[in-house]
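Trainee: Contents of data-v3.cif (mmCIF, C-alpha atoms) are below:
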data_work
loop_
_atom_site.label_atom_id
_atom_site.label_comp_id
_atom_site.auth_asym_id
_atom_site.auth_seq_id
_atom_site.Cartn_x
_atom_site.Cartn_y
_atom_site.Cartn_z
CA MET A 1 -6.44 13.14 2.37
CA GLU A 2 -8.89 13.74 5.21
CA HIS A 3 -9.70 10.92 7.60
CA GLU A 4 -13.25 10.63 6.21
CA GLN A 5 -11.76 10.03 2.77
CA TYR A 6 -9.57 7.25 4.13
CA LEU A 7 -12.62 5.56 5.64
CA GLU A 8 -14.55 5.86 2.38
CA SER A 9 -11.60 4.48 0.42
CA LEU A 10 -11.09 1.63 2.87
CA ALA A 11 -14.75 0.64 2.79
CA ARG A 12 -15.02 0.87 -0.99
CA ASP A 13 -11.82 -1.04 -1.74
CA SER A 14 -12.62 -3.70 0.87
CA ASP A 15 -15.94 -4.41 -0.82
CA ALA A 16 -14.32 -4.44 -4.26
CA LEU A 17 -11.56 -6.76 -3.00
CA ALA A 18 -14.13 -9.17 -1.56
CA ASP A 19 -16.19 -9.09 -4.76
CA ALA A 20 -13.13 -9.86 -6.88
CA ALA A 21 -11.99 -12.63 -4.53
CA ALA A 22 -15.42 -14.25 -4.69
CA ALA A 23 -15.42 -14.03 -8.50
CA ALA A 24 -11.92 -15.48 -8.80
CA GLY A 25 -12.32 -18.31 -6.28
CA PRO A 26 -10.02 -19.20 -3.38
CA ASP A 27 -7.66 -21.46 -5.33
CA THR A 28 -6.92 -18.99 -8.12
CA THR A 29 -3.34 -17.77 -8.26
CA VAL A 30 -2.66 -14.07 -7.74
CA PRO A 31 -0.32 -13.03 -10.58
CA THR A 32 0.94 -9.93 -8.74
CA CYS A 33 1.78 -11.90 -5.56
CA PRO A 34 4.00 -14.83 -6.63
CA GLY A 35 3.23 -18.00 -4.69
CA TRP A 36 -0.10 -16.76 -3.36
CA THR A 37 -3.62 -17.89 -4.07
CA VAL A 38 -6.70 -15.75 -3.49
CA GLU A 39 -7.15 -17.58 -0.18
CA ASP A 40 -3.64 -16.51 0.89
CA LEU A 41 -4.46 -12.93 -0.09
CA LEU A 42 -7.69 -12.92 1.91
CA ARG A 43 -5.98 -14.34 4.98
CA HIS A 44 -3.29 -11.67 4.75
CA CYS A 45 -5.82 -8.85 4.41
CA ALA A 46 -8.13 -10.15 7.12
CA SER A 47 -5.26 -10.58 9.58
CA GLY A 48 -3.94 -7.09 8.80
CA ASP A 49 -7.34 -5.53 9.41
CA ARG A 50 -7.72 -7.42 12.68
CA TRP A 51 -4.23 -6.40 13.81
CA ALA A 52 -4.88 -2.72 13.15
CA ARG A 53 -8.32 -2.81 14.77
CA VAL A 54 -7.02 -4.34 18.00
CA ILE A 55 -4.14 -1.85 18.14
CA VAL A 56 -6.53 1.08 17.78
CA GLU A 57 -9.01 -0.37 20.28
CA THR A 58 -6.43 -1.17 22.97
CA GLY A 59 -3.62 1.25 22.16
CA SER A 60 -1.18 -1.63 22.57
CA ARG A 61 0.88 -3.66 20.15
CA GLU A 62 1.45 -6.40 22.72
CA HIS A 63 -2.14 -7.58 22.68
CA ALA A 64 -2.67 -7.31 18.93
CA PRO A 65 -2.51 -10.73 17.23
CA ARG A 66 -0.94 -10.76 13.78
CA ASP A 67 -2.43 -14.13 12.79
CA LEU A 68 -6.04 -15.14 12.34
CA PRO A 69 -7.58 -17.23 15.12
CA PRO A 70 -7.53 -21.03 14.71
CA ASP A 71 -11.28 -21.11 14.08
CA ALA A 72 -11.13 -18.71 11.14
CA PRO A 73 -12.79 -20.17 8.04
CA SER A 74 -10.93 -21.30 4.95
CA GLY A 75 -11.69 -21.39 1.24
CA ALA A 76 -14.75 -19.49 0.08
CA GLY A 77 -15.74 -18.86 3.70
CA LEU A 78 -12.94 -16.32 3.94
CA VAL A 79 -14.82 -13.85 1.73
CA PRO A 80 -17.63 -13.03 4.22
CA TYR A 81 -15.13 -13.31 7.07
CA PHE A 82 -12.93 -10.67 5.45
CA ARG A 83 -15.96 -8.45 4.72
CA ASP A 84 -17.05 -8.57 8.35
CA GLY A 85 -13.55 -7.80 9.61
CA ALA A 86 -13.13 -4.90 7.20
CA ARG A 87 -16.42 -3.38 8.31
CA ALA A 88 -15.44 -3.82 11.95
CA LEU A 89 -12.18 -1.98 11.24
CA VAL A 90 -14.02 0.87 9.50
CA ASP A 91 -16.45 1.13 12.44
CA THR A 92 -13.59 1.16 14.96
CA LEU A 93 -11.68 3.85 13.08
CA ALA A 94 -14.83 5.94 12.60
CA ALA A 95 -15.38 5.88 16.36
CA THR A 96 -11.76 6.83 17.12
CA ASP A 97 -10.27 10.31 17.26
CA PRO A 98 -7.67 10.38 14.44
CA GLY A 99 -5.36 12.23 16.81
CA ALA A 100 -5.59 9.58 19.52
CA SER A 101 -2.21 8.24 20.64
CA VAL A 102 -1.68 4.61 19.54
CA TRP A 103 1.22 2.36 18.64
CA THR A 104 2.41 2.51 15.00
CA PHE A 105 5.55 1.43 13.19
CA SER A 106 6.26 4.99 12.06
CA PRO A 107 8.17 7.17 14.53
CA ALA A 108 6.86 10.21 12.65
CA ASP A 109 3.20 9.45 13.43
CA ARG A 110 2.05 7.76 16.63
CA THR A 111 -1.65 8.52 16.17
CA ALA A 112 -4.68 6.59 14.99
CA ARG A 113 -4.54 8.57 11.74
CA PHE A 114 -1.57 6.42 10.74
CA TRP A 115 -3.86 3.37 10.67
CA TYR A 116 -6.58 5.21 8.73
CA ARG A 117 -4.02 5.81 6.01
CA ARG A 118 -2.14 2.53 6.24
CA ARG A 119 -5.16 0.26 5.99
CA ALA A 120 -6.72 2.34 3.21
CA GLN A 121 -3.51 2.18 1.18
CA GLU A 122 -2.85 -1.49 1.94
CA THR A 123 -6.37 -2.40 0.88
CA ALA A 124 -6.13 -0.36 -2.33
CA VAL A 125 -3.06 -2.33 -3.43
CA HIS A 126 -4.55 -5.68 -2.49
CA ARG A 127 -7.84 -4.78 -4.17
CA VAL A 128 -5.79 -4.49 -7.34
CA ASP A 129 -4.23 -7.89 -6.61
CA ALA A 130 -7.63 -9.53 -6.18
CA GLN A 131 -9.01 -7.91 -9.31
CA TRP A 132 -6.02 -9.03 -11.34
CA ALA A 133 -6.71 -12.56 -10.15
CA ALA A 134 -10.30 -12.14 -11.32
CA GLY A 135 -9.28 -10.45 -14.59
CA THR A 136 -11.09 -7.18 -13.82
CA MET A 137 -8.41 -4.75 -12.56
CA ALA A 138 -9.33 -1.07 -12.19
CA PRO A 139 -6.70 1.60 -11.44
CA VAL A 140 -6.40 3.37 -8.10
CA ASP A 141 -8.12 6.77 -8.13
CA SER A 142 -5.66 9.62 -8.56
CA GLU A 143 -6.00 11.28 -5.13
CA PRO A 144 -5.54 8.08 -3.10
CA ALA A 145 -2.75 7.05 -5.47
CA VAL A 146 -0.83 10.30 -4.91
CA ASP A 147 -1.23 9.79 -1.19
CA GLY A 148 -0.07 6.19 -1.62
CA ILE A 149 3.08 7.28 -3.44
CA ASP A 150 3.78 9.79 -0.70
CA GLU A 151 3.23 7.19 2.03
CA PHE A 152 5.56 4.75 0.30
CA LEU A 153 8.33 7.31 -0.09
CA THR A 154 8.07 8.86 3.39
CA VAL A 155 7.11 5.85 5.56
CA PHE A 156 8.50 2.73 3.90
CA LEU A 157 11.50 3.92 1.90
CA PRO A 158 13.34 5.34 4.96
CA ARG A 159 13.04 1.93 6.65
CA ILE A 160 15.01 0.22 3.86
CA ALA A 161 17.30 3.08 2.78
CA GLY A 162 20.45 1.13 3.61
CA ALA A 163 19.51 -1.65 1.20
CA ILE A 164 18.92 0.66 -1.77
CA THR A 165 22.27 0.83 -3.52
CA ALA A 166 20.83 1.88 -6.89
CA LEU A 167 20.59 5.44 -5.63
CA ASP A 168 24.16 5.68 -4.40
CA ALA A 169 25.11 7.38 -7.65
CA ALA A 170 21.75 8.32 -9.15
CA THR A 171 18.75 10.48 -8.26
CA VAL A 172 15.15 9.62 -9.16
CA HIS A 173 12.34 11.98 -10.03
CA LEU A 174 8.72 10.77 -10.14
CA HIS A 175 6.06 12.84 -11.88
CA CYS A 176 2.30 12.20 -12.07
CA THR A 177 0.80 12.95 -15.47
CA ASP A 178 -2.89 12.93 -14.50
CA THR A 179 -2.76 15.09 -11.36
CA GLU A 180 -0.36 17.15 -9.28
CA GLY A 181 2.41 15.13 -7.67
CA GLU A 182 6.20 15.16 -8.03
CA TRP A 183 8.96 13.75 -5.85
CA LEU A 184 12.77 13.79 -5.95
CA ILE A 185 14.71 11.02 -4.20
CA VAL A 186 18.34 11.71 -3.34
CA ARG A 187 20.95 9.73 -1.38
CA ASP A 188 22.36 11.65 1.62
CA GLY A 189 24.79 9.46 3.53
CA ASP A 190 22.85 6.57 5.02
CA ASP A 191 19.51 8.21 4.26
CA LEU A 192 17.31 8.69 1.24
CA VAL A 193 15.87 12.21 1.24
CA VAL A 194 12.52 12.73 -0.45
CA THR A 195 11.34 16.20 -1.44
CA ARG A 196 8.08 17.12 -3.14
CA GLU A 197 9.25 19.29 -5.99
CA HIS A 198 9.67 19.75 -9.71
CA ALA A 199 13.31 18.88 -10.30
CA LYS A 200 15.65 17.03 -12.64
CA GLY A 201 16.89 13.60 -11.61
CA ASP A 202 19.35 11.24 -13.24
CA VAL A 203 16.27 9.23 -14.13
CA ALA A 204 12.71 10.51 -14.40
CA ALA A 205 9.60 8.34 -14.44
CA ARG A 206 6.31 9.84 -15.59
CA GLY A 207 2.95 8.13 -15.45
CA THR A 208 -0.49 8.18 -13.93
CA ALA A 209 -0.57 8.33 -10.16
CA SER A 210 -2.00 4.82 -10.13
CA ASP A 211 0.78 3.39 -12.30
CA LEU A 212 3.50 5.14 -10.28
CA MET A 213 2.05 3.85 -7.02
CA LEU A 214 1.69 0.33 -8.35
CA PHE A 215 5.21 0.48 -9.80
CA LEU A 216 6.63 1.30 -6.37
CA TRP A 217 4.70 -1.62 -4.87
CA GLY A 218 5.94 -3.98 -7.60
CA ARG A 219 2.56 -4.49 -9.26
CA VAL A 220 3.44 -3.04 -12.67
CA GLY A 221 6.71 -2.66 -14.51
CA ALA A 222 8.52 0.37 -15.87
CA ASP A 223 6.96 -0.39 -19.27
CA ARG A 224 3.81 1.33 -17.95
CA LEU A 225 5.78 4.56 -17.42
CA GLN A 226 7.62 7.12 -19.52
CA VAL A 227 11.24 6.79 -18.43
CA PHE A 228 13.93 9.38 -19.21
CA GLY A 229 17.61 9.15 -18.36
CA ASP A 230 19.22 6.24 -16.52
CA ALA A 231 16.53 3.60 -16.95
CA ALA A 232 18.81 0.90 -15.53
CA ALA A 233 19.05 2.81 -12.23
CA LEU A 234 15.24 2.92 -12.02
CA GLU A 235 15.01 -0.83 -12.59
CA ARG A 236 17.66 -1.50 -9.93
CA PHE A 237 15.82 0.80 -7.53
CA ARG A 238 12.58 -1.11 -8.03
CA ASP A 239 14.34 -4.49 -7.73
CA GLU A 240 15.94 -3.51 -4.42
CA ILE A 241 12.69 -2.42 -2.79
CA LYS A 242 11.60 -5.16 -0.39
CA VAL A 243 8.71 -4.06 1.82
#
Could you write out this file's structure as structure tokens?

Mentor:
Amino acid sequence: MEHEQYLESLARDSDALADAAAAAGPDTTVPTCPGWTVEDLLRHCASGDRWARVIVETGSREHAPRDLPPDAPSGAGLVPYFRDGARALVDTLAATDPGASVWTFSPADRTARFWYRRRAQETAVHRVDAQWAAGTMAPVDSEPAVDGIDEFLTVFLPRIAGAITALDAATVHLHCTDTEGEWLIVRDGDDLVVTREHAKGDVAARGTASDLMLFLWGRVGADRLQVFGDAAALERFRDEIKV
């Protein structure tokens, strides 16, 4: 995706998230985030947006607060607070060269573009969470969802490769059914190697890009997918993912 597309996605999903949160109410439980209410979800999203914005503005992790300030509102007041913070993040990113050098938690990308992608993808998943709480969930569009799958497999999965034992003796192939997108995940020593290719794995999971992305993030189960081969290995793989 181009950086303009990330900004459009971030702005659109932020507004949809806020609308769903307002409709659901702050005390409503979020079924896809056990133990969280809508207020917890809004605080998490608002603090993440603020963290990324300060990092991009200053270029430093040290001066980027992860928590909301003590005077941040609570309850229903978090909806406009989140909206304002999301718009401020979009404005900051729009004014920043995507190639600018900033701190990130990915050694493969130390540029502002990382945060364009990360906040757009984070917000897409949490928009789904808020809409589920409100009973109005819409899928992630196919192009952002393919990008979200790719981000998960290339940014997050390598960080937890040592904890994924399900793939010690099994390979996984993921295949989008509504758009182009295929990935093979193979254990190689301490690493999990991801290649973008049509291949045969010990287990294959086919589904829409949205369902595959949300499966990886633990929002939907394997019952939303077509699973071929070692289904138990796929379930263990999903259960071991903790990001």

Trainee: Excluding A:Val102 and any residue of its chain fewer than 3 positions from it, enumerate the residues within 6 Å of it, using all atoms listed in the file, and give them as an MDAnalysis selection string.

Mentor: chainID A and resid 59 110:112

Trainee: So that I can see what lies close to A:Ala16, please list as a compact mmCIF listing (two decimals) with C-alpha atoms, keeping the file's coordinate frame the residues with an atom at most 12 Å from it, counting all atoms listed in the file and leaving out residues fewer than 2 positions away in the same chain.

Mentor:
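Result file follows (out.txt):
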# COMPACT_ATOMS: atom_id res chain seq x y z
CA SER A 9 -11.60 4.48 0.42
CA LEU A 10 -11.09 1.63 2.87
CA ALA A 11 -14.75 0.64 2.79
CA ARG A 12 -15.02 0.87 -0.99
CA ASP A 13 -11.82 -1.04 -1.74
CA SER A 14 -12.62 -3.70 0.87
CA ALA A 18 -14.13 -9.17 -1.56
CA ASP A 19 -16.19 -9.09 -4.76
CA ALA A 20 -13.13 -9.86 -6.88
CA ALA A 21 -11.99 -12.63 -4.53
CA ALA A 22 -15.42 -14.25 -4.69
CA ALA A 23 -15.42 -14.03 -8.50
CA VAL A 79 -14.82 -13.85 1.73
CA PHE A 82 -12.93 -10.67 5.45
CA ARG A 83 -15.96 -8.45 4.72
CA ALA A 86 -13.13 -4.90 7.20
CA THR A 123 -6.37 -2.40 0.88
CA ALA A 124 -6.13 -0.36 -2.33
CA VAL A 125 -3.06 -2.33 -3.43
CA HIS A 126 -4.55 -5.68 -2.49
CA ARG A 127 -7.84 -4.78 -4.17
CA VAL A 128 -5.79 -4.49 -7.34
CA ASP A 129 -4.23 -7.89 -6.61
CA ALA A 130 -7.63 -9.53 -6.18
CA GLN A 131 -9.01 -7.91 -9.31
CA TRP A 132 -6.02 -9.03 -11.34
CA ALA A 134 -10.30 -12.14 -11.32
CA THR A 136 -11.09 -7.18 -13.82
CA MET A 137 -8.41 -4.75 -12.56
CA ALA A 138 -9.33 -1.07 -12.19
CA VAL A 140 -6.40 3.37 -8.10

Trainee: Can you tell me, as a PyMOL selection string, what residues are no more than 12 Å from A:Pro73 when counting only C-alpha atoms, ignoring any on the same chain fewer than 2 positions away?

Mentor: chain A and resi 26+39+42-43+46+68-71+75-82

Trainee: Would you please work out which residue, of A:Glu8, A:Asp188, A:Asp97, A:Glu143, is nearest to A:Arg113 when using all atoms listed in the file?

Mentor: A:Asp97

Trainee: Spell out the residues picked by the PyMOL selection byres ((chain A and resi 207-212) around 7) here, as number ranges by chain.

Mentor: A: 139-142, 145-146, 175-178, 205-206, 213-216, 220, 224-226

Trainee: Mind listing whatever residues come within 10 Å of the point (-13.4, -0.4, 11.0)? Use only C-alpha atoms, file coordinates, and give them as a PyMOL selection string.

Mentor: chain A and resi 7+10-11+49-50+52-53+56+84-96+116+119

Trainee: Work out how far apart atom CA of A:Glu62 and atom CA of A:Cys45 are and give it in Å to one decimal.

Mentor: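 Separation between atom CA of A:Glu62 and atom CA of A:Cys45: 19.9 Å.
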
Trainee: Convert the output of the PyMOL selection byres ((chain A and resi 169) around 9) on the shown file into explicit residues, formatted as number ranges by chain.

Mentor: A: 165-168, 170-171, 187, 202, 233

Trainee: Between A:Gly99, A:Gly48, A:Gly135, A:Pro107, which is the closest to A:Gly25 once you count only C-alpha atoms?

Mentor: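 Of the candidates, the smallest distance to A:Gly25 is held by A:Gly135.
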
Trainee: Mind pulling up the distance from atom CA of A:Leu157 to atom CA of A:Trp183?

Mentor: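 Interatomic distance, atom CA of A:Trp183 to atom CA of A:Leu157: 12.8 Å.
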
Trainee: Enter the distance from atom CA of A:Thr29 to atom CA of A:Glu235, in Å, rounded to one decimal.

Mentor: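 These two atoms are separated by 25.3 Å.
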
Trainee: Which residues would end up in the selection if the PyMOL selection byres ((chain A and resi 198) around 7) were applied here, given that I need the answer as a list of chain:residue names?

Mentor: A:Glu182, A:Glu197, A:Ala199

Trainee: Considering all atoms listed in the file, state which residue in the set A:Ala64, A:Ala108, A:Leu192, A:Ala133 is at the smallest distance from A:Leu153.

Mentor: A:Leu192

Trainee: Which residues, protein or nucleic acid, reach to within 7 Å of (13.3, 11.7, -13.4) in the file's coordinates when using all atoms listed in the file, and can you give that as a list in words?

Mentor: Val172, His173, Leu174, Lys200, Gly201, Asp202, Val203, Ala204, Ala205 and Phe228 of chain A

Trainee: What's around A:Arg159 at 10 Å? Count only C-alpha atoms, leave out sequence neighbours fewer than 3 positions away in its own chain, and write the answer as a ChimeraX atom specification.

Mentor: /A:105-106,153-156,162-163,191-192,243

Trainee: Restricting the calculation to all atoms listed in the file: of A:Val38, A:Val194, A:Ile160, A:Ala120, which residue gets closest to A:Asp147?

Mentor: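 With all atoms listed in the file as the atom set, the closest residue is A:Ala120.
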
Trainee: For A:Asp239, which residue among A:Gly218, A:Gly35, A:Pro144, A:Gly181 is the nearest when counting all atoms listed in the file?

Mentor: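 Comparing A:Gly218, A:Gly35, A:Pro144, A:Gly181 against A:Asp239, the winner is A:Gly218.
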
Trainee: Take stretch 179-207 of chain A, model N, CA and C atoms, and hand the result over as a CSV table (one decimal), keeping the file's coordinate frame.

Mentor:
chain,number,residue,atom,x,y,z
A,179,THR,N,-2.4,14.2,-12.5
A,179,THR,CA,-2.8,15.1,-11.4
A,179,THR,C,-1.5,15.7,-10.8
A,180,GLU,N,-1.6,16.6,-9.9
A,180,GLU,CA,-0.4,17.2,-9.3
A,180,GLU,C,0.3,16.1,-8.4
A,181,GLY,N,1.6,16.1,-8.5
A,181,GLY,CA,2.4,15.1,-7.7
A,181,GLY,C,3.8,14.9,-8.3
A,182,GLU,N,4.8,15.4,-7.6
A,182,GLU,CA,6.2,15.2,-8.0
A,182,GLU,C,7.1,15.0,-6.8
A,183,TRP,N,8.1,14.1,-7.0
A,183,TRP,CA,9.0,13.8,-5.8
A,183,TRP,C,10.4,13.6,-6.4
A,184,LEU,N,11.4,14.0,-5.6
A,184,LEU,CA,12.8,13.8,-6.0
A,184,LEU,C,13.4,13.0,-4.8
A,185,ILE,N,14.1,11.9,-5.2
A,185,ILE,CA,14.7,11.0,-4.2
A,185,ILE,C,16.2,11.1,-4.4
A,186,VAL,N,16.9,11.5,-3.3
A,186,VAL,CA,18.3,11.7,-3.3
A,186,VAL,C,19.0,11.0,-2.2
A,187,ARG,N,20.1,10.3,-2.4
A,187,ARG,CA,21.0,9.7,-1.4
A,187,ARG,C,21.7,10.8,-0.6
A,188,ASP,N,21.6,10.7,0.7
A,188,ASP,CA,22.4,11.6,1.6
A,188,ASP,C,22.9,10.8,2.7
A,189,GLY,N,24.2,10.3,2.5
A,189,GLY,CA,24.8,9.5,3.5
A,189,GLY,C,24.0,8.1,3.6
A,190,ASP,N,23.6,7.8,4.8
A,190,ASP,CA,22.8,6.6,5.0
A,190,ASP,C,21.4,6.7,4.7
A,191,ASP,N,20.9,7.9,4.4
A,191,ASP,CA,19.5,8.2,4.3
A,191,ASP,C,19.2,8.4,2.8
A,192,LEU,N,17.9,8.3,2.5
A,192,LEU,CA,17.3,8.7,1.2
A,192,LEU,C,16.4,9.9,1.5
A,193,VAL,N,16.7,11.0,1.0
A,193,VAL,CA,15.9,12.2,1.2
A,193,VAL,C,14.8,12.4,0.1
A,194,VAL,N,13.6,12.5,0.5
A,194,VAL,CA,12.5,12.7,-0.4
A,194,VAL,C,12.0,14.1,-0.3
A,195,THR,N,11.9,14.9,-1.4
A,195,THR,CA,11.3,16.2,-1.4
A,195,THR,C,10.2,16.2,-2.5
A,196,ARG,N,9.2,17.0,-2.2
A,196,ARG,CA,8.1,17.1,-3.1
A,196,ARG,C,8.3,18.4,-4.0
A,197,GLU,N,8.9,18.1,-5.2
A,197,GLU,CA,9.2,19.3,-6.0
A,197,GLU,C,9.4,18.9,-7.4
A,198,HIS,N,9.3,19.9,-8.3
A,198,HIS,CA,9.7,19.8,-9.7
A,198,HIS,C,11.2,19.9,-9.8
A,199,ALA,N,11.9,18.9,-10.2
A,199,ALA,CA,13.3,18.9,-10.3
A,199,ALA,C,13.8,17.9,-11.4
A,200,LYS,N,15.1,17.9,-11.7
A,200,LYS,CA,15.6,17.0,-12.6
A,200,LYS,C,16.4,16.0,-11.9
A,201,GLY,N,16.1,14.7,-12.2
A,201,GLY,CA,16.9,13.6,-11.6
A,201,GLY,C,17.7,12.9,-12.7
A,202,ASP,N,18.6,12.0,-12.3
A,202,ASP,CA,19.4,11.2,-13.2
A,202,ASP,C,18.4,10.3,-14.0
A,203,VAL,N,17.3,10.0,-13.4
A,203,VAL,CA,16.3,9.2,-14.1
A,203,VAL,C,14.9,9.8,-13.7
A,204,ALA,N,14.1,10.0,-14.7
A,204,ALA,CA,12.7,10.5,-14.4
A,204,ALA,C,11.7,9.5,-14.9
A,205,ALA,N,10.7,9.3,-14.1
A,205,ALA,CA,9.6,8.3,-14.4
A,205,ALA,C,8.3,9.1,-14.4
A,206,ARG,N,7.6,9.1,-15.5
A,206,ARG,CA,6.3,9.8,-15.6
A,206,ARG,C,5.2,8.8,-15.9
A,207,GLY,N,4.1,9.0,-15.2
A,207,GLY,CA,3.0,8.1,-15.4
A,207,GLY,C,1.8,8.6,-14.6
